[in-house]
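Shown next, in structure tokens, is the structure this report addresses.
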Amino acid sequence: MYAYLTNLFQVLEKRLDAIAMYRIVSIALLTLAFCSVVLGFLGLIPYSGTEQVISLAVAVLTAQIVNWLCSLLWRVPVNSESANITALIIFFLIIPAQFSSLGDTWVIATVTFIAIVSKFIFAWHKQHLANPAAVGVLVLAIIYEVFSLPGYFESSWWIGRVELFIPLVIAGVLVVIKIRKWTPVITFLVVAFFVYLIEELRFGSDVLETAPNFWLSGPSLFLAFFMLTEPFTLPPTKKLQMYYGALVGFISQTTLFLPFIKMTPELALIIGNLIFYPSTLKQKLIMPLVEMKEIAKNTFEFAFQKPARVNFVSGQYLEWMLPHQNPDDRGIRRYFTIASAPQDSLLRVAVRFADTVSTYKQTLKSLTVGQNIIASQLAGDFVLPKDNSKKLGFIAGGIGITPFLSHVGQIRDNNLKHDVVLYYGNNTVEEIAYKQYLDEMQSTINLKVVNVIVKEQVPEYESGYLATDMIKKHSPDFIEREWYLSGPPGMVNAYFKLLREMGVPKKNIKRDFFPGLA
């Protein structure tokens with residue numbers, strides 16, 4: 001049963017990896033909205049289908065118009081999908097306008113307006129500081145309070161309803177499977193639920209009776225799945241993401257601040273965003289192309305001028321945005337691991353081009369020297385161990401070689417003492433990328449490269465797929481090594497299983513992942 005579920009999970013991951021991350025989030029939110037509208041028309045929730053459709057239309061139209069105007073004013077590319085996601089989130093935070101009073105739609109329009117504008121104003125070096133939807137809700141609440149406007153405004157988070165629980169969980173889980181951000185989500189939910197129970201006990205509630213409300217009719221699941229995981233405000237490493245989730249979980253449920261301020265989910269999220277802001281990449285990088293060259297069959301390296309004061313650790317990745325006309329379903333963004341070493345003056349990425357090429361890769365390949373690409377969201381835990389005398393084993397498949405290029409460059413530049421064995425798998429010799437560079441590095445640092453060729457017989461290389469006998473032959477001390485796996489998900493999962501069967505402890509195996517593998 002376990003093996004069946006594991007295989008099913010891997011198949012699901014593979015299907016999701018074929019779709020861009022932002023597209024998955026959009027589809028998930030649209031599916032939730034569809035379910036809610038249907039329930040509204042059936043009279044199963046208090047908000048009619050008509051009211052919901054009106055509110056949704058107001059949010060989306062406002063977001064698109066304001067986003068387009070701001071893009072013109074700030075002279076940046078229009079990102080329609082991002083605006084749609086913000087509008088869909090706001091739709092679930094503000095009670096739909098009453099059909100009998102269409103003037104109420106100004107509230108959702110105003111929140112959406114503030115949210116979109118905040119991406120451009122409440123920002124630093126073209127990178128927003130906090131979740132835009134949360135900012136929109138909070139700012140309007142402050143305006144009501146400061147200017148004593150008639151009535152009262154507060155977010156309702158009406159998505160937290162028993163009737164929407166199942167579609168919310170399904171949609172949210174699919175998003176987290178896609179982006180692999182279980183660490184902040186689980187940490188947030190565990191801490192938030194624990195604090196929720198403590199608060200219920202403090203106020204004399206029957207915990208057994210009220211505990212299900214946290215999951216079935218509260219804002220926490222939607223906050224965790226769709227807002228806590230926003231890439232621009234998420235810290236870059238799992239450890240920081242765990243602390244981030246725990247902090248937001250705690251302050252979103254505690255009443256310790258009540259004598260001074262009423263804590264709301266959106267305020268808790270913004271506080272978490274600002275506290276962890278120093279750990280994120282604090283700017284969008286606009287970088288001109290310096291050089292493009294073919295480094296193996298159907299594989300090209302793109303070198304961009306690295307802006308000043310950009311620091312990263314070998315093994316990390318960036319989101320690379322390349323706006324272009326009529327993008328396909330994979331969108332205008334990709335996540336590529338940085339192939340250059342941290343000390344290099346250029347930021348390099350390597351991209352493999354298949355027979356069927358996406359519009360993104362077509363545009364990338366057509367870039368000329370001097371044309372710009374936009375990078376952001378530096379992240380990743382696929383980094384070298386702090387113990388620089390640790391023996392290492394690298395296993396790369398195809399384009400999965402890129403983080404290891406950065407690693408060996410850092411080992412060279414920092415004079416680290418790692419003993420490294422690199423197994424590099426390709427279908428043919430022609431597909432070996434950076435062969436000359438890796439050959440030179442073998443004489444520069446303590447590196448041994450073992451090329452494994454699947455579809456050709458080459459005397460000086462290993463043939464077939466990497467197997468136990470190869471590992472024992474070239475690295476008999478494999479148990480002592482810390483292993484790093486990078487490549488297609490199927491390959492990574494297969495070699496993880498192989499190493500575990502050979503007795504390598506799970507804690508000594510690191511697998512590379514970045515969202516949007518397609």
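Ordering of the structure tokens sets the chain letters (A, B, ...), residue numbers begin anew at 1 in every chain, and ligands are numbered from 1 in the order given.
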Give me the range 356-439 of chain A side of the contact with range 262-279 of chain A, cut-off 12 Å, one line per residue showing its nearest atom pair and distance in Å at one decimal, counting only C-alpha atoms, sorted by chain and residue number, as CSV.
```
residue,atom,partner,partner_atom,distance
A:Gln377,CA,A:Ser279,CA,10.8
A:Leu378,CA,A:Ser279,CA,9.8
A:Ala379,CA,A:Ser279,CA,9.9
```
Which residues are close to Arg333 in chain A, i.e. within 9 Å by only C-alpha atoms, leaving aside same-chain residues fewer than 4 positions away? Reply as a compact mmCIF listing (two decimals) with C-alpha atoms, in the first residue's frame.
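Saved file selection.txt follows:
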```txt
# COMPACT_ATOMS: atom_id res chain seq x y z
CA ALA A 20 4.00 26.51 -14.36
CA MET A 21 3.73 27.25 -10.65
CA TYR A 22 1.66 30.43 -11.06
CA GLU A 319 13.29 32.64 -10.62
CA TRP A 320 14.01 34.00 -14.10
CA MET A 321 11.22 36.05 -15.70
CA LEU A 322 11.20 36.63 -19.44
CA PRO A 323 8.09 38.49 -20.64
CA TYR A 360 9.80 30.77 -22.88
CA GLY A 516 8.54 24.68 -11.81
```
At a cut-off of 9 Å, can you tabulate as JSON lines every residue of range 360-414 of chain A near range 480-492 of chain A together with its closest atom pair and the distance in Å to one decimal, using only C-alpha atoms and ordering rows by chain then number?
```
{"residue": "A:Phe382", "atom": "CA", "partner": "A:Tyr484", "partner_atom": "CA", "distance": 7.8}
{"residue": "A:Pro385", "atom": "CA", "partner": "A:Glu482", "partner_atom": "CA", "distance": 8.6}
{"residue": "A:Lys390", "atom": "CA", "partner": "A:Arg481", "partner_atom": "CA", "distance": 7.1}
{"residue": "A:Lys391", "atom": "CA", "partner": "A:Arg481", "partner_atom": "CA", "distance": 4.8}
{"residue": "A:Leu392", "atom": "CA", "partner": "A:Arg481", "partner_atom": "CA", "distance": 4.8}
{"residue": "A:Gly393", "atom": "CA", "partner": "A:Trp483", "partner_atom": "CA", "distance": 4.6}
{"residue": "A:Phe394", "atom": "CA", "partner": "A:Tyr484", "partner_atom": "CA", "distance": 4.9}
{"residue": "A:Ile395", "atom": "CA", "partner": "A:Leu485", "partner_atom": "CA", "distance": 4.9}
{"residue": "A:Ala396", "atom": "CA", "partner": "A:Ser486", "partner_atom": "CA", "distance": 5.0}
{"residue": "A:Gly397", "atom": "CA", "partner": "A:Gly487", "partner_atom": "CA", "distance": 4.6}
{"residue": "A:Gly398", "atom": "CA", "partner": "A:Gly487", "partner_atom": "CA", "distance": 6.4}
{"residue": "A:Ile399", "atom": "CA", "partner": "A:Gly487", "partner_atom": "CA", "distance": 6.6}
{"residue": "A:Gly400", "atom": "CA", "partner": "A:Gly487", "partner_atom": "CA", "distance": 4.0}
{"residue": "A:Ile401", "atom": "CA", "partner": "A:Ser486", "partner_atom": "CA", "distance": 7.0}
{"residue": "A:Thr402", "atom": "CA", "partner": "A:Ser486", "partner_atom": "CA", "distance": 8.6}
{"residue": "A:Pro403", "atom": "CA", "partner": "A:Ser486", "partner_atom": "CA", "distance": 7.8}
{"residue": "A:Phe404", "atom": "CA", "partner": "A:Ser486", "partner_atom": "CA", "distance": 8.5}
```
Store the residues of this selection in a file with N, CA and C atoms, as a short mmCIF file (atom, residue, chain, number, x, y, z; two decimals), in the first residue's frame.
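And here's out-v3.cif as it stands now:
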```cif
data_model
loop_
_atom_site.label_atom_id
_atom_site.label_comp_id
_atom_site.auth_asym_id
_atom_site.auth_seq_id
_atom_site.Cartn_x
_atom_site.Cartn_y
_atom_site.Cartn_z
N PHE A 382 20.16 23.34 -1.20
CA PHE A 382 21.07 22.35 -1.78
C PHE A 382 22.50 22.89 -1.72
N PRO A 385 27.95 21.35 2.97
CA PRO A 385 27.93 21.27 4.44
C PRO A 385 28.90 22.27 5.06
N LYS A 390 34.26 17.39 5.03
CA LYS A 390 33.34 16.29 4.80
C LYS A 390 33.53 15.72 3.40
N LYS A 391 33.56 14.38 3.30
CA LYS A 391 33.60 13.72 2.00
C LYS A 391 32.22 13.81 1.35
N LEU A 392 32.21 14.07 0.04
CA LEU A 392 30.96 14.29 -0.66
C LEU A 392 30.82 13.37 -1.87
N GLY A 393 29.57 13.02 -2.18
CA GLY A 393 29.25 12.29 -3.39
C GLY A 393 28.18 13.04 -4.15
N PHE A 394 28.48 13.41 -5.39
CA PHE A 394 27.53 14.13 -6.23
C PHE A 394 27.01 13.19 -7.31
N ILE A 395 25.69 13.18 -7.52
CA ILE A 395 25.10 12.42 -8.63
C ILE A 395 24.25 13.38 -9.44
N ALA A 396 24.64 13.57 -10.71
CA ALA A 396 23.94 14.51 -11.59
C ALA A 396 23.40 13.77 -12.80
N GLY A 397 22.23 14.19 -13.24
CA GLY A 397 21.65 13.67 -14.47
C GLY A 397 21.36 14.79 -15.43
N GLY A 398 22.01 14.78 -16.60
CA GLY A 398 21.76 15.79 -17.62
C GLY A 398 22.03 17.20 -17.14
N ILE A 399 21.02 18.06 -17.25
CA ILE A 399 21.18 19.46 -16.87
C ILE A 399 21.27 19.61 -15.36
N GLY A 400 21.05 18.53 -14.60
CA GLY A 400 21.21 18.57 -13.15
C GLY A 400 22.64 18.79 -12.71
N ILE A 401 23.56 18.95 -13.65
CA ILE A 401 24.96 19.22 -13.32
C ILE A 401 25.16 20.63 -12.79
N THR A 402 24.20 21.55 -13.05
CA THR A 402 24.45 22.97 -12.78
C THR A 402 24.78 23.30 -11.33
N PRO A 403 24.06 22.77 -10.32
CA PRO A 403 24.44 23.15 -8.96
C PRO A 403 25.84 22.66 -8.59
N PHE A 404 26.26 21.56 -9.19
CA PHE A 404 27.58 21.02 -8.86
C PHE A 404 28.70 21.86 -9.47
#
```
Residues near range 424-430 of chain A, anyone? I mean within 8 Å using only C-alpha atoms, not counting same-chain ones fewer than 3 positions away, as a compact mmCIF listing (two decimals) with C-alpha atoms, in the first residue's frame.
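Written output follows (out_17.txt):
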```txt
# COMPACT_ATOMS: atom_id res chain seq x y z
CA ALA A 296 26.74 20.27 -25.19
CA LYS A 297 24.29 18.84 -27.70
CA ILE A 395 25.10 12.42 -8.63
CA ALA A 396 23.94 14.51 -11.59
CA GLY A 397 21.65 13.67 -14.47
CA GLY A 398 21.76 15.79 -17.62
CA ILE A 401 24.96 19.22 -13.32
CA VAL A 449 34.50 12.73 -12.20
CA VAL A 450 32.85 9.48 -13.29
CA ASN A 451 30.89 9.84 -16.53
CA VAL A 452 28.05 7.33 -16.89
CA ILE A 453 26.70 6.96 -20.44
CA VAL A 454 23.37 5.21 -20.87
CA LYS A 455 23.00 4.66 -24.63
CA GLU A 456 26.59 4.30 -25.81
CA TYR A 465 22.61 3.41 -15.39
CA LEU A 466 24.44 4.15 -12.16
```
Using only C-alpha atoms, the shortest atom-to-atom distance to Phe203 in chain A among A:Ser26, A:Val78, A:Leu364, A:Thr255 belongs to A:Thr255
What are the DSSP alpha helix (DSSP H) residues of range 355-517 of chain A, as a ChimeraX atom specification? /A:359-365,402-413,435-442,468-474,489-501
Hey, can you check how far CA of Ser314 in chain A sits from CA of Val408 in chain A?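 Straight-line distance from CA of Ser314 in chain A to CA of Val408 in chain A works out to 8.7 Å.
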Could you pull the residues within 6 Å of range 178-185 of chain A, counting only C-alpha atoms, minus those fewer than 5 positions along the same chain, as an mmCIF file with N, CA and C atoms, in the first residue's frame?
```
data_model
loop_
_atom_site.group_PDB
_atom_site.id
_atom_site.type_symbol
_atom_site.label_atom_id
_atom_site.label_comp_id
_atom_site.auth_asym_id
_atom_site.auth_seq_id
_atom_site.Cartn_x
_atom_site.Cartn_y
_atom_site.Cartn_z
ATOM 1 N N LEU A 16 2.163 17.686 -12.202
ATOM 2 C CA LEU A 16 2.141 19.083 -11.766
ATOM 3 C C LEU A 16 3.377 19.831 -12.243
ATOM 4 N N ALA A 224 -2.392 29.370 5.076
ATOM 5 C CA ALA A 224 -1.210 28.521 4.939
ATOM 6 C C ALA A 224 -0.945 28.139 3.499
ATOM 7 N N GLN A 241 12.242 29.041 6.779
ATOM 8 C CA GLN A 241 10.820 28.852 6.484
ATOM 9 C C GLN A 241 10.088 28.227 7.673
ATOM 10 N N MET A 242 10.766 27.341 8.382
ATOM 11 C CA MET A 242 10.176 26.739 9.573
ATOM 12 C C MET A 242 9.950 27.800 10.649
ATOM 13 N N GLY A 245 7.042 30.097 9.484
ATOM 14 C CA GLY A 245 5.739 29.481 9.690
ATOM 15 C C GLY A 245 5.342 29.464 11.155
ATOM 16 N N PRO A 515 10.941 24.841 -7.616
ATOM 17 C CA PRO A 515 9.605 24.755 -8.205
ATOM 18 C C PRO A 515 9.629 25.019 -9.699
#
```
Residue neighbourhood Cys70 in chain A, 10 Å, only C-alpha atoms, exclusion window fewer than 3 positions, as a list of chain:residue names: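 Non-adjacent residues within range: A:Gln64, A:Ile65, A:Val66, A:Asn67, A:Leu73, A:Trp74, A:Arg75, A:Val76, A:Pro77, A:Val78, A:Ile116, A:Val117, A:Lys119, A:Phe120, A:Ile121.
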Serialized selection, C-alpha atoms, as a short mmCIF file (atom, residue, chain, number, x, y, z; two decimals), in the first residue's frame:
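Just written: out-v6.cif:
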```cif
data_model
loop_
_atom_site.label_atom_id
_atom_site.label_comp_id
_atom_site.auth_asym_id
_atom_site.auth_seq_id
_atom_site.Cartn_x
_atom_site.Cartn_y
_atom_site.Cartn_z
CA GLN A 64 -6.19 43.98 -14.28
CA ILE A 65 -6.89 47.67 -14.92
CA VAL A 66 -4.82 48.92 -11.96
CA ASN A 67 -2.00 46.48 -12.74
CA LEU A 73 3.60 54.24 -14.96
CA TRP A 74 6.54 52.27 -13.56
CA ARG A 75 7.60 51.01 -17.00
CA VAL A 76 7.71 47.36 -16.08
CA PRO A 77 6.25 44.31 -17.87
CA VAL A 78 2.57 43.59 -17.24
CA ILE A 116 -2.09 45.96 -6.62
CA VAL A 117 -0.67 49.43 -6.01
CA LYS A 119 3.24 45.85 -5.24
CA PHE A 120 4.72 48.99 -6.77
CA ILE A 121 4.74 51.41 -3.81
#
```
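Residues in contact with Pro167 in chain A at 9 Å, where only C-alpha atoms are counted and same-chain residues fewer than 4 positions away are skipped, are listed as Thr31, Leu32, Cys35, Glu163, Ala171 and Gly172 of chain A.
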Atoms kept (N, CA, C and O atoms) for selection, written as a PDB file, in the first residue's frame:
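part34.pdb was written with the following content:
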```pdb
ATOM      1  N   THR A  31     -10.746  27.047  -9.286  1.00  0.00           N
ATOM      2  CA  THR A  31     -11.554  25.873  -8.955  1.00  0.00           C
ATOM      3  C   THR A  31     -12.310  26.086  -7.647  1.00  0.00           C
ATOM      4  O   THR A  31     -13.497  25.751  -7.530  1.00  0.00           O
ATOM      5  N   LEU A  32     -11.631  26.670  -6.664  1.00  0.00           N
ATOM      6  CA  LEU A  32     -12.289  26.998  -5.398  1.00  0.00           C
ATOM      7  C   LEU A  32     -13.429  27.983  -5.625  1.00  0.00           C
ATOM      8  O   LEU A  32     -14.522  27.836  -5.055  1.00  0.00           O
ATOM      9  N   CYS A  35     -16.384  26.186  -7.202  1.00  0.00           N
ATOM     10  CA  CYS A  35     -17.124  25.396  -6.197  1.00  0.00           C
ATOM     11  C   CYS A  35     -17.988  26.292  -5.326  1.00  0.00           C
ATOM     12  O   CYS A  35     -19.144  25.974  -5.026  1.00  0.00           O
ATOM     13  N   GLU A 163     -18.564  23.918   4.297  1.00  0.00           N
ATOM     14  CA  GLU A 163     -18.976  23.494   2.964  1.00  0.00           C
ATOM     15  C   GLU A 163     -17.817  23.519   1.958  1.00  0.00           C
ATOM     16  O   GLU A 163     -17.837  22.794   0.957  1.00  0.00           O
ATOM     17  N   ALA A 171      -7.367  21.639  -3.237  1.00  0.00           N
ATOM     18  CA  ALA A 171      -6.688  22.679  -4.010  1.00  0.00           C
ATOM     19  C   ALA A 171      -5.389  23.110  -3.334  1.00  0.00           C
ATOM     20  O   ALA A 171      -4.343  23.260  -3.990  1.00  0.00           O
ATOM     21  N   GLY A 172      -5.444  23.288  -2.013  1.00  0.00           N
ATOM     22  CA  GLY A 172      -4.259  23.723  -1.287  1.00  0.00           C
ATOM     23  C   GLY A 172      -3.151  22.694  -1.295  1.00  0.00           C
ATOM     24  O   GLY A 172      -1.966  23.033  -1.485  1.00  0.00           O
TER      25      GLY A 172
END
```
Give me every strand (DSSP E or B) residue in range 121-307 of chain A, going by DSSP on the backbone, as a VMD selection string. chain A and resid 123 to 124 127 to 128 285 to 296 299 to 305
Would you output that residue set with C-alpha atoms, as a PDB file, in the first residue's frame?
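Saved the output as out19.pdb:
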```pdb
ATOM      1  CA  ALA A 123       8.372  47.794  -2.357  1.00  0.00           C
ATOM      2  CA  TRP A 124      12.143  48.050  -2.363  1.00  0.00           C
ATOM      3  CA  GLN A 127      10.335  43.783  -4.887  1.00  0.00           C
ATOM      4  CA  HIS A 128       7.246  44.067  -2.688  1.00  0.00           C
ATOM      5  CA  LEU A 285      17.723  41.743 -10.711  1.00  0.00           C
ATOM      6  CA  ILE A 286      17.574  43.215 -14.199  1.00  0.00           C
ATOM      7  CA  MET A 287      20.536  41.687 -15.984  1.00  0.00           C
ATOM      8  CA  PRO A 288      21.800  42.077 -19.566  1.00  0.00           C
ATOM      9  CA  LEU A 289      22.941  39.029 -21.513  1.00  0.00           C
ATOM     10  CA  VAL A 290      26.722  38.956 -21.898  1.00  0.00           C
ATOM     11  CA  GLU A 291      27.213  35.677 -23.736  1.00  0.00           C
ATOM     12  CA  MET A 292      25.342  32.623 -25.019  1.00  0.00           C
ATOM     13  CA  LYS A 293      27.142  29.473 -26.118  1.00  0.00           C
ATOM     14  CA  GLU A 294      26.427  25.821 -26.769  1.00  0.00           C
ATOM     15  CA  ILE A 295      28.103  23.675 -24.118  1.00  0.00           C
ATOM     16  CA  ALA A 296      26.738  20.274 -25.194  1.00  0.00           C
ATOM     17  CA  THR A 299      22.374  22.523 -24.194  1.00  0.00           C
ATOM     18  CA  PHE A 300      23.227  26.219 -23.998  1.00  0.00           C
ATOM     19  CA  GLU A 301      24.785  28.409 -21.339  1.00  0.00           C
ATOM     20  CA  PHE A 302      23.506  31.941 -20.808  1.00  0.00           C
ATOM     21  CA  ALA A 303      25.787  34.345 -18.939  1.00  0.00           C
ATOM     22  CA  PHE A 304      24.347  37.555 -17.491  1.00  0.00           C
ATOM     23  CA  GLN A 305      26.068  40.512 -15.852  1.00  0.00           C
TER      24      GLN A 305
END
```
With only C-alpha atoms as the basis for distance, which of A:Leu221, A:Leu405, A:Leu72, A:Ile332 is at the shortest distance from Lys361 in chain A?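 Residue with the minimum atom-to-atom distance to Lys361 in chain A: A:Ile332.
If you measure from each of A:Leu93, A:Ile114, A:Val60, A:Val175 to Gly160 in chain A using only C-alpha atoms, the closest one turns out to be A:Leu93.
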Which of these, A:Ser376, A:Thr187, A:Ala57, A:Ala134, has the shortest distance to Ala246 in chain A once you count only C-alpha atoms? A:Thr187
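Using only C-alpha atoms, the shortest contact distance between Gly136 in chain A and any of A:Ser156, A:Thr110, A:Thr229, A:Asn372 is found at A:Thr110.
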Give the answer as one residue: which of A:Leu422, A:Leu281, A:Leu258, A:Val169 has the shortest atom-to-atom distance to Phe232 in chain A, using only C-alpha atoms?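 Closest residue, counting only C-alpha atoms: A:Leu281.
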Could you tell me how far CA of Asn326 in chain A sits from CA of Val111 in chain A, in Å to one decimal place? 29.6 Å
